[in-house]
Amino acid sequence: MYSTLTTELSTGIFIITINRPDKLNALNKVVIEELSLAIEEIYTRSEIKSAIITGSGQKAFVAGADINEFLALNAAGGKALAQKGQDILFTKIEKSPKPIVAAVNGFALGGGCELAMACHFRLCSDTAKFGQPEVNLGLIPGYGGTQRLTQLIGKGRATELLLTGNMIDANTALQYGLVNYVVPQDELLNKTRSLLDIINTKAPLAITAVIKAVNAVFDETKNGFDVEINEFGKCFGTADMKEGATAFLEKRKANFIGK
Ligand code: COA
């Protein structure tokens with residue numbers, strides 16, 4: 001049981017809803033720790049095939065890290081906050097063996113934009129707004145924002161957003177490639193679920209291999225082409241590859257077991 005999140009699981013899709021609507025779902029210490037535990041559930045529970053992260057209420061996905069916690073921190077404390085958050089949550093989302101998708105239902109600012117960007121891809125409502133307003137507070141992003149925003153939308157656009165602190169609307173986010181779809185707010189979860197329903201019919205080990213290989217593009221310690229070759233090879237050792245190829249040749253639907 002979580003105090004700042006609600007979770008539900010149906011048809012293999014685990015929906016995590018950040019539930020502090022009166023504070024626009026801002027990420028305080030408890031939210032970060034509970035999100036980390038919820039992500040751990042995705043890693044470990046076999047009945048979960050994929051997940052959605054969204055925010056409660058109509059207004060915000062997440063309006064940032066909780067600014068109330070900032071004034072007590074010195075330089076070492078700030079560094080530790082960023083390090084811990086990246087370790088227990090943001091990197092953990094990115095490296096999840098199962099897809100985690102952000103359904104951005106409103107403001108995604110600061111840590112909220114960073115949370116969405118740590119997910120494997122993003123959809124948003126037509127009311128969503130994205131931004132990295134940390135410079136307004138004398139700060140920069142600490143949960144991967146300077147890196148992932150640049151990876152996702154390119155250096156020029158990312159630097160402009162990071163330096164101005166300006167927000168962009170949903171259609172600009174779509175044009176920039178920050179989100180894959182913009183939909184009316186009341187269709188956001190259904191649209192997100194419909195994509196995960198497709199993904200959940202595929203071979204789970206192949207899904208994990210795709211995530212690993214794509215992540216390798218942005219990991220300077222790895223050669224992504226080598227990661228792809230290795231993962232491709234490993235797929236040939238799976239029962240699901242035999243089933244997928246056999247099912248195709250027998251003109252029937254594959255029944256994958258994740259082995
Ligand atoms: N941390 C802590 N509290 C936050 C918060 C944050 N990041 N973002 C919003 N809140 C709180 C507000 O303090 C307010 O609480 P209160 O009712 O107890 O006063 C409540 O959420 C509602 O926010 P409010 O500012 O009244 O809503 P608004 O519609 O006027 O403005 C925003 C919405 C998102 C533009 C505005 O809340 C905002 O700029 N938030 C901070 C964004 C930010 O800088 N994030 C990066 C942090 S590193």
# chains A, B, ... in the order shown; residues from 1 in each chain; ligands from 1
>>> residues_near_ligand(ligand="ligand 1", cutoff="6 Å", atoms="only C-alpha atoms and all ligand atoms", output="MDAnalysis selection string")
chainID A and resid 22:24 26 63:68 109:110 133:134
>>> residues_around(residues="A:Leu188", least_positions_apart="4", cutoff="9 Å", atoms="only C-alpha atoms", output="list of chain:residue names")
A:Ala103, A:Val104, A:Asn105, A:Leu123, A:Cys124, A:Ser125, A:Val182, A:Val183, A:Pro184, A:Thr192, A:Arg193
>>> write_last_selection(atoms="all heavy atoms", output="PDB file, in the first residue's frame")
ATOM      1  N   ALA A 103       1.865   8.630 -19.431  1.00  0.00           N
ATOM      2  CA  ALA A 103       0.630   9.231 -19.940  1.00  0.00           C
ATOM      3  C   ALA A 103       0.520  10.590 -19.253  1.00  0.00           C
ATOM      4  O   ALA A 103       0.087  10.695 -18.107  1.00  0.00           O
ATOM      5  CB  ALA A 103      -0.565   8.342 -19.614  1.00  0.00           C
ATOM      6  N   VAL A 104       0.965  11.619 -19.972  1.00  0.00           N
ATOM      7  CA  VAL A 104       1.126  12.950 -19.369  1.00  0.00           C
ATOM      8  C   VAL A 104      -0.200  13.709 -19.474  1.00  0.00           C
ATOM      9  O   VAL A 104      -0.606  14.134 -20.561  1.00  0.00           O
ATOM     10  CB  VAL A 104       2.277  13.719 -20.054  1.00  0.00           C
ATOM     11  CG1 VAL A 104       2.412  15.126 -19.456  1.00  0.00           C
ATOM     12  CG2 VAL A 104       3.592  12.958 -19.905  1.00  0.00           C
ATOM     13  N   ASN A 105      -0.869  13.881 -18.328  1.00  0.00           N
ATOM     14  CA  ASN A 105      -2.239  14.387 -18.299  1.00  0.00           C
ATOM     15  C   ASN A 105      -2.340  15.868 -17.948  1.00  0.00           C
ATOM     16  O   ASN A 105      -3.434  16.344 -17.667  1.00  0.00           O
ATOM     17  CB  ASN A 105      -3.038  13.574 -17.274  1.00  0.00           C
ATOM     18  CG  ASN A 105      -2.396  13.589 -15.897  1.00  0.00           C
ATOM     19  OD1 ASN A 105      -1.216  13.273 -15.760  1.00  0.00           O
ATOM     20  ND2 ASN A 105      -3.145  13.979 -14.886  1.00  0.00           N
ATOM     21  N   LEU A 123       2.931   9.635 -24.185  1.00  0.00           N
ATOM     22  CA  LEU A 123       1.747  10.197 -24.828  1.00  0.00           C
ATOM     23  C   LEU A 123       1.296  11.339 -23.923  1.00  0.00           C
ATOM     24  O   LEU A 123       1.607  11.337 -22.732  1.00  0.00           O
ATOM     25  CB  LEU A 123       0.612   9.183 -24.902  1.00  0.00           C
ATOM     26  CG  LEU A 123       0.793   7.964 -25.806  1.00  0.00           C
ATOM     27  CD1 LEU A 123       1.626   6.892 -25.116  1.00  0.00           C
ATOM     28  CD2 LEU A 123      -0.559   7.399 -26.197  1.00  0.00           C
ATOM     29  N   CYS A 124       0.526  12.285 -24.494  1.00  0.00           N
ATOM     30  CA  CYS A 124       0.013  13.334 -23.598  1.00  0.00           C
ATOM     31  C   CYS A 124      -1.369  13.775 -24.012  1.00  0.00           C
ATOM     32  O   CYS A 124      -1.818  13.528 -25.135  1.00  0.00           O
ATOM     33  CB  CYS A 124       0.977  14.521 -23.519  1.00  0.00           C
ATOM     34  SG  CYS A 124       0.960  15.624 -24.938  1.00  0.00           S
ATOM     35  N   SER A 125      -2.053  14.421 -23.053  1.00  0.00           N
ATOM     36  CA  SER A 125      -3.350  15.031 -23.332  1.00  0.00           C
ATOM     37  C   SER A 125      -3.119  16.363 -24.047  1.00  0.00           C
ATOM     38  O   SER A 125      -2.023  16.938 -23.974  1.00  0.00           O
ATOM     39  CB  SER A 125      -4.094  15.281 -22.020  1.00  0.00           C
ATOM     40  OG  SER A 125      -3.381  16.230 -21.251  1.00  0.00           O
ATOM     41  N   VAL A 182      -0.753  13.066 -29.166  1.00  0.00           N
ATOM     42  CA  VAL A 182      -1.542  14.000 -28.352  1.00  0.00           C
ATOM     43  C   VAL A 182      -2.997  13.595 -28.513  1.00  0.00           C
ATOM     44  O   VAL A 182      -3.478  13.480 -29.647  1.00  0.00           O
ATOM     45  CB  VAL A 182      -1.356  15.458 -28.833  1.00  0.00           C
ATOM     46  CG1 VAL A 182      -2.255  16.390 -28.018  1.00  0.00           C
ATOM     47  CG2 VAL A 182       0.094  15.894 -28.719  1.00  0.00           C
ATOM     48  N   VAL A 183      -3.681  13.372 -27.401  1.00  0.00           N
ATOM     49  CA  VAL A 183      -5.089  12.957 -27.474  1.00  0.00           C
ATOM     50  C   VAL A 183      -5.901  13.749 -26.457  1.00  0.00           C
ATOM     51  O   VAL A 183      -5.339  14.281 -25.492  1.00  0.00           O
ATOM     52  CB  VAL A 183      -5.246  11.436 -27.204  1.00  0.00           C
ATOM     53  CG1 VAL A 183      -4.618  10.610 -28.304  1.00  0.00           C
ATOM     54  CG2 VAL A 183      -4.667  11.032 -25.863  1.00  0.00           C
ATOM     55  N   PRO A 184      -7.242  13.818 -26.646  1.00  0.00           N
ATOM     56  CA  PRO A 184      -8.065  14.473 -25.624  1.00  0.00           C
ATOM     57  C   PRO A 184      -7.857  13.791 -24.262  1.00  0.00           C
ATOM     58  O   PRO A 184      -7.608  12.578 -24.213  1.00  0.00           O
ATOM     59  CB  PRO A 184      -9.499  14.260 -26.125  1.00  0.00           C
ATOM     60  CG  PRO A 184      -9.352  14.059 -27.595  1.00  0.00           C
ATOM     61  CD  PRO A 184      -8.044  13.358 -27.791  1.00  0.00           C
ATOM     62  N   THR A 192      -3.173   4.930 -24.436  1.00  0.00           N
ATOM     63  CA  THR A 192      -1.916   4.357 -23.920  1.00  0.00           C
ATOM     64  C   THR A 192      -2.071   2.853 -23.742  1.00  0.00           C
ATOM     65  O   THR A 192      -1.204   2.069 -24.149  1.00  0.00           O
ATOM     66  CB  THR A 192      -1.529   5.035 -22.579  1.00  0.00           C
ATOM     67  OG1 THR A 192      -1.659   6.441 -22.718  1.00  0.00           O
ATOM     68  CG2 THR A 192      -0.099   4.701 -22.195  1.00  0.00           C
ATOM     69  N   ARG A 193      -3.214   2.458 -23.147  1.00  0.00           N
ATOM     70  CA  ARG A 193      -3.465   1.019 -22.961  1.00  0.00           C
ATOM     71  C   ARG A 193      -3.482   0.287 -24.295  1.00  0.00           C
ATOM     72  O   ARG A 193      -2.969  -0.831 -24.400  1.00  0.00           O
ATOM     73  CB  ARG A 193      -4.843   0.816 -22.302  1.00  0.00           C
ATOM     74  CG  ARG A 193      -4.810   0.821 -20.812  1.00  0.00           C
ATOM     75  CD  ARG A 193      -6.076   0.116 -20.276  1.00  0.00           C
ATOM     76  NE  ARG A 193      -6.396   0.603 -18.968  1.00  0.00           N
ATOM     77  CZ  ARG A 193      -7.256   1.596 -18.723  1.00  0.00           C
ATOM     78  NH1 ARG A 193      -7.913   2.179 -19.704  1.00  0.00           N
ATOM     79  NH2 ARG A 193      -7.467   1.988 -17.500  1.00  0.00           N
TER      80      ARG A 193
END
>>> select_by_dssp(residues="stretch 29-237 of chain A", states="strand (DSSP E or B)", output="PyMOL selection string")
chain A and resi 50-55+60-62+65+100-104+107-109+121-125+129-131+167-169+181-183
>>> write_last_selection(atoms="C-alpha atoms", output="CSV table (one decimal), in the first residue's frame")
chain,number,residue,atom,x,y,z
A,50,SER,CA,4.1,-3.3,-19.0
A,51,ALA,CA,3.2,-0.2,-17.1
A,52,ILE,CA,1.8,3.4,-17.3
A,53,ILE,CA,2.8,6.3,-15.1
A,54,THR,CA,0.3,9.1,-14.9
A,55,GLY,CA,-0.8,11.8,-12.5
A,60,ALA,CA,-0.9,18.0,-13.5
A,61,PHE,CA,1.1,15.0,-14.4
A,62,VAL,CA,3.9,16.2,-12.0
A,65,ALA,CA,10.4,18.1,-7.5
A,100,ILE,CA,7.0,1.8,-18.9
A,101,VAL,CA,5.1,4.6,-20.7
A,102,ALA,CA,4.2,8.1,-19.5
A,103,ALA,CA,0.6,9.2,-19.9
A,104,VAL,CA,1.1,13.0,-19.4
A,107,PHE,CA,1.8,19.9,-16.4
A,108,ALA,CA,5.0,18.0,-16.7
A,109,LEU,CA,7.6,20.5,-15.3
A,121,PHE,CA,8.0,6.7,-24.6
A,122,ARG,CA,5.3,9.3,-23.9
A,123,LEU,CA,1.7,10.2,-24.8
A,124,CYS,CA,0.0,13.3,-23.6
A,125,SER,CA,-3.4,15.0,-23.3
A,129,LYS,CA,2.5,21.4,-20.8
A,130,PHE,CA,6.2,20.6,-20.7
A,131,GLY,CA,9.1,22.5,-19.3
A,167,MET,CA,6.9,25.8,-21.2
A,168,ILE,CA,5.8,24.2,-24.5
A,169,ASP,CA,2.3,23.0,-25.2
A,181,TYR,CA,0.7,11.2,-29.6
A,182,VAL,CA,-1.5,14.0,-28.4
A,183,VAL,CA,-5.1,13.0,-27.5
>>> residues_around(residues="stretch 243-252 of chain A", least_positions_apart="6", cutoff="12 Å", atoms="only C-alpha atoms", output="list in words")
Thr201, Lys202, Ala203, Pro204, Ala206, Cys235, Phe236, Gly237, Gly258 and Lys259 of chain A
>>> closest_residue(among="A:Thr221, A:Tyr43, A:Pro97, A:Gly142", to="A:Ala80", atoms="only C-alpha atoms")
A:Gly142
>>> select_by_dssp(residues="stretch 175-256 of chain A", states="helix (DSSP H, G or I)", output="short mmCIF file (atom, residue, chain, number, x, y, z; two decimals) with N, CA and C atoms, in the first residue's frame")
data_model
loop_
_atom_site.label_atom_id
_atom_site.label_comp_id
_atom_site.auth_asym_id
_atom_site.auth_seq_id
_atom_site.Cartn_x
_atom_site.Cartn_y
_atom_site.Cartn_z
N GLN A 175 5.47 18.00 -32.12
CA GLN A 175 6.31 18.43 -33.24
C GLN A 175 7.80 18.20 -32.94
N TYR A 176 8.19 18.38 -31.68
CA TYR A 176 9.58 18.18 -31.26
C TYR A 176 9.94 16.70 -31.11
N GLN A 185 -7.96 14.59 -23.20
CA GLN A 185 -7.61 14.05 -21.88
C GLN A 185 -8.37 12.78 -21.53
N ASP A 186 -9.67 12.73 -21.88
CA ASP A 186 -10.44 11.55 -21.47
C ASP A 186 -10.13 10.31 -22.32
N GLU A 187 -9.30 10.47 -23.33
CA GLU A 187 -8.92 9.30 -24.14
C GLU A 187 -7.47 8.85 -23.86
N LEU A 188 -6.79 9.62 -22.99
CA LEU A 188 -5.35 9.39 -22.82
C LEU A 188 -5.02 7.98 -22.32
N LEU A 189 -5.70 7.53 -21.28
CA LEU A 189 -5.35 6.21 -20.74
C LEU A 189 -5.73 5.10 -21.70
N ASN A 190 -6.89 5.24 -22.36
CA ASN A 190 -7.29 4.19 -23.32
C ASN A 190 -6.33 4.10 -24.49
N LYS A 191 -5.89 5.24 -24.99
CA LYS A 191 -4.93 5.22 -26.10
C LYS A 191 -3.61 4.57 -25.65
N THR A 192 -3.17 4.93 -24.44
CA THR A 192 -1.92 4.36 -23.92
C THR A 192 -2.07 2.85 -23.74
N ARG A 193 -3.21 2.46 -23.15
CA ARG A 193 -3.47 1.02 -22.96
C ARG A 193 -3.48 0.29 -24.29
N SER A 194 -4.06 0.92 -25.32
CA SER A 194 -4.19 0.20 -26.61
C SER A 194 -2.81 -0.09 -27.20
N LEU A 195 -1.84 0.79 -26.99
CA LEU A 195 -0.48 0.51 -27.48
C LEU A 195 0.17 -0.60 -26.66
N LEU A 196 -0.06 -0.56 -25.35
CA LEU A 196 0.54 -1.61 -24.51
C LEU A 196 -0.14 -2.96 -24.75
N ASP A 197 -1.43 -2.94 -25.09
CA ASP A 197 -2.10 -4.22 -25.43
C ASP A 197 -1.39 -4.88 -26.61
N ILE A 198 -0.94 -4.08 -27.56
CA ILE A 198 -0.22 -4.64 -28.71
C ILE A 198 1.13 -5.19 -28.24
N ILE A 199 1.86 -4.37 -27.50
CA ILE A 199 3.21 -4.78 -27.03
C ILE A 199 3.12 -6.04 -26.18
N PRO A 204 8.09 -11.53 -24.58
CA PRO A 204 8.65 -10.66 -23.53
C PRO A 204 10.17 -10.52 -23.58
N LEU A 205 10.88 -11.58 -23.90
CA LEU A 205 12.35 -11.47 -23.92
C LEU A 205 12.82 -10.60 -25.08
N ALA A 206 12.08 -10.63 -26.18
CA ALA A 206 12.41 -9.76 -27.31
C ALA A 206 12.13 -8.29 -26.94
N ILE A 207 11.06 -8.08 -26.20
CA ILE A 207 10.73 -6.71 -25.74
C ILE A 207 11.87 -6.16 -24.86
N THR A 208 12.34 -6.99 -23.94
CA THR A 208 13.45 -6.58 -23.07
C THR A 208 14.70 -6.30 -23.89
N ALA A 209 14.93 -7.13 -24.90
CA ALA A 209 16.12 -6.96 -25.75
C ALA A 209 16.05 -5.65 -26.53
N VAL A 210 14.87 -5.28 -27.00
CA VAL A 210 14.72 -4.00 -27.71
C VAL A 210 15.07 -2.85 -26.76
N ILE A 211 14.55 -2.89 -25.54
CA ILE A 211 14.81 -1.80 -24.58
C ILE A 211 16.32 -1.69 -24.33
N LYS A 212 16.98 -2.83 -24.11
CA LYS A 212 18.42 -2.82 -23.85
C LYS A 212 19.20 -2.25 -25.03
N ALA A 213 18.85 -2.67 -26.23
CA ALA A 213 19.61 -2.23 -27.41
C ALA A 213 19.39 -0.74 -27.67
N VAL A 214 18.15 -0.27 -27.51
CA VAL A 214 17.89 1.16 -27.72
C VAL A 214 18.60 1.99 -26.65
N ASN A 215 18.55 1.53 -25.40
CA ASN A 215 19.26 2.26 -24.34
C ASN A 215 20.76 2.36 -24.62
N ALA A 216 21.30 1.35 -25.28
CA ALA A 216 22.75 1.32 -25.54
C ALA A 216 23.18 2.47 -26.46
N GLY A 224 26.41 0.10 -29.25
CA GLY A 224 25.03 -0.33 -29.48
C GLY A 224 24.89 -1.42 -30.52
N PHE A 225 25.73 -1.37 -31.53
CA PHE A 225 25.65 -2.41 -32.57
C PHE A 225 26.05 -3.77 -31.99
N ASP A 226 27.06 -3.76 -31.09
CA ASP A 226 27.45 -5.02 -30.44
C ASP A 226 26.33 -5.52 -29.51
N VAL A 227 25.72 -4.59 -28.79
CA VAL A 227 24.60 -4.98 -27.92
C VAL A 227 23.51 -5.61 -28.77
N GLU A 228 23.21 -5.00 -29.91
CA GLU A 228 22.17 -5.54 -30.79
C GLU A 228 22.53 -6.96 -31.26
N ILE A 229 23.77 -7.14 -31.69
CA ILE A 229 24.20 -8.46 -32.17
C ILE A 229 24.04 -9.51 -31.05
N ASN A 230 24.47 -9.15 -29.85
CA ASN A 230 24.36 -10.09 -28.72
C ASN A 230 22.90 -10.41 -28.39
N GLU A 231 22.09 -9.36 -28.35
CA GLU A 231 20.67 -9.58 -28.00
C GLU A 231 19.97 -10.38 -29.10
N PHE A 232 20.30 -10.07 -30.34
CA PHE A 232 19.73 -10.82 -31.48
C PHE A 232 20.09 -12.30 -31.32
N GLY A 233 21.35 -12.57 -31.03
CA GLY A 233 21.79 -13.96 -30.84
C GLY A 233 21.05 -14.63 -29.71
N LYS A 234 20.91 -13.92 -28.58
CA LYS A 234 20.24 -14.51 -27.42
C LYS A 234 18.78 -14.88 -27.75
N CYS A 235 18.15 -14.08 -28.59
CA CYS A 235 16.75 -14.39 -28.97
C CYS A 235 16.66 -15.76 -29.63
N PHE A 236 17.70 -16.13 -30.39
CA PHE A 236 17.67 -17.43 -31.07
C PHE A 236 17.72 -18.60 -30.10
N ALA A 239 12.73 -20.20 -26.44
CA ALA A 239 11.59 -20.99 -26.92
C ALA A 239 10.63 -20.08 -27.71
N ASP A 240 10.53 -18.83 -27.27
CA ASP A 240 9.59 -17.92 -27.95
C ASP A 240 9.99 -17.64 -29.39
N MET A 241 11.28 -17.59 -29.69
CA MET A 241 11.69 -17.40 -31.09
C MET A 241 11.25 -18.59 -31.93
N LYS A 242 11.42 -19.80 -31.38
CA LYS A 242 10.99 -21.00 -32.11
C LYS A 242 9.47 -20.95 -32.33
N GLU A 243 8.76 -20.56 -31.27
CA GLU A 243 7.30 -20.48 -31.36
C GLU A 243 6.88 -19.40 -32.37
N GLY A 244 7.52 -18.25 -32.33
CA GLY A 244 7.14 -17.16 -33.24
C GLY A 244 7.36 -17.54 -34.69
N ALA A 245 8.52 -18.13 -34.98
CA ALA A 245 8.81 -18.51 -36.37
C ALA A 245 7.92 -19.66 -36.82
N THR A 246 7.70 -20.64 -35.91
CA THR A 246 6.83 -21.78 -36.26
C THR A 246 5.40 -21.29 -36.51
N ALA A 247 4.93 -20.44 -35.62
CA ALA A 247 3.55 -19.94 -35.77
C ALA A 247 3.39 -19.21 -37.09
N PHE A 248 4.40 -18.42 -37.47
CA PHE A 248 4.31 -17.72 -38.76
C PHE A 248 4.20 -18.73 -39.88
N LEU A 249 5.07 -19.74 -39.87
CA LEU A 249 5.09 -20.72 -40.96
C LEU A 249 3.81 -21.56 -40.98
#
>>> closest_residue(among="A:Ala158, A:Ala128, A:Leu27, A:Phe218", to="A:Tyr143", atoms="only C-alpha atoms")
A:Leu27
>>> closest_residue(among="A:Pro141, A:Gly85, A:Pro99, A:Gly112", to="A:Gly12", atoms="only C-alpha atoms")
A:Pro99
>>> residues_around(residues="A:Lys49", least_positions_apart="2", cutoff="7 Å", atoms="only C-alpha atoms", output="list in words")
Gly12, Ile13, Glu47, Lys98 and Asn200 of chain A
>>> residues_around(residues="A:Tyr2", least_positions_apart="2", cutoff="10 Å", atoms="only C-alpha atoms", output="PDB file with C-alpha atoms, in the first residue's frame")
ATOM      1  CA  THR A   4       1.208   8.944  -2.407  1.00  0.00           C
ATOM      2  CA  LEU A   5       0.404   6.559  -5.272  1.00  0.00           C
ATOM      3  CA  THR A   6      -2.445   4.410  -6.414  1.00  0.00           C
ATOM      4  CA  THR A   7      -1.748   1.317  -8.472  1.00  0.00           C
ATOM      5  CA  ILE A  18       0.870   9.774  -8.574  1.00  0.00           C
ATOM      6  CA  ASN A  19      -1.709  11.007  -6.136  1.00  0.00           C
ATOM      7  CA  VAL A  30       8.086   9.889  -0.146  1.00  0.00           C
ATOM      8  CA  VAL A  31       6.777   9.981  -3.733  1.00  0.00           C
ATOM      9  CA  GLU A  33      10.691   6.293  -2.672  1.00  0.00           C
ATOM     10  CA  GLU A  34       7.228   4.907  -3.323  1.00  0.00           C
ATOM     11  CA  LEU A  35       7.664   5.228  -7.085  1.00  0.00           C
ATOM     12  CA  LEU A  37       9.058   0.504  -4.925  1.00  0.00           C
ATOM     13  CA  ALA A  38       6.309   0.505  -7.550  1.00  0.00           C
TER      14      ALA A  38
END
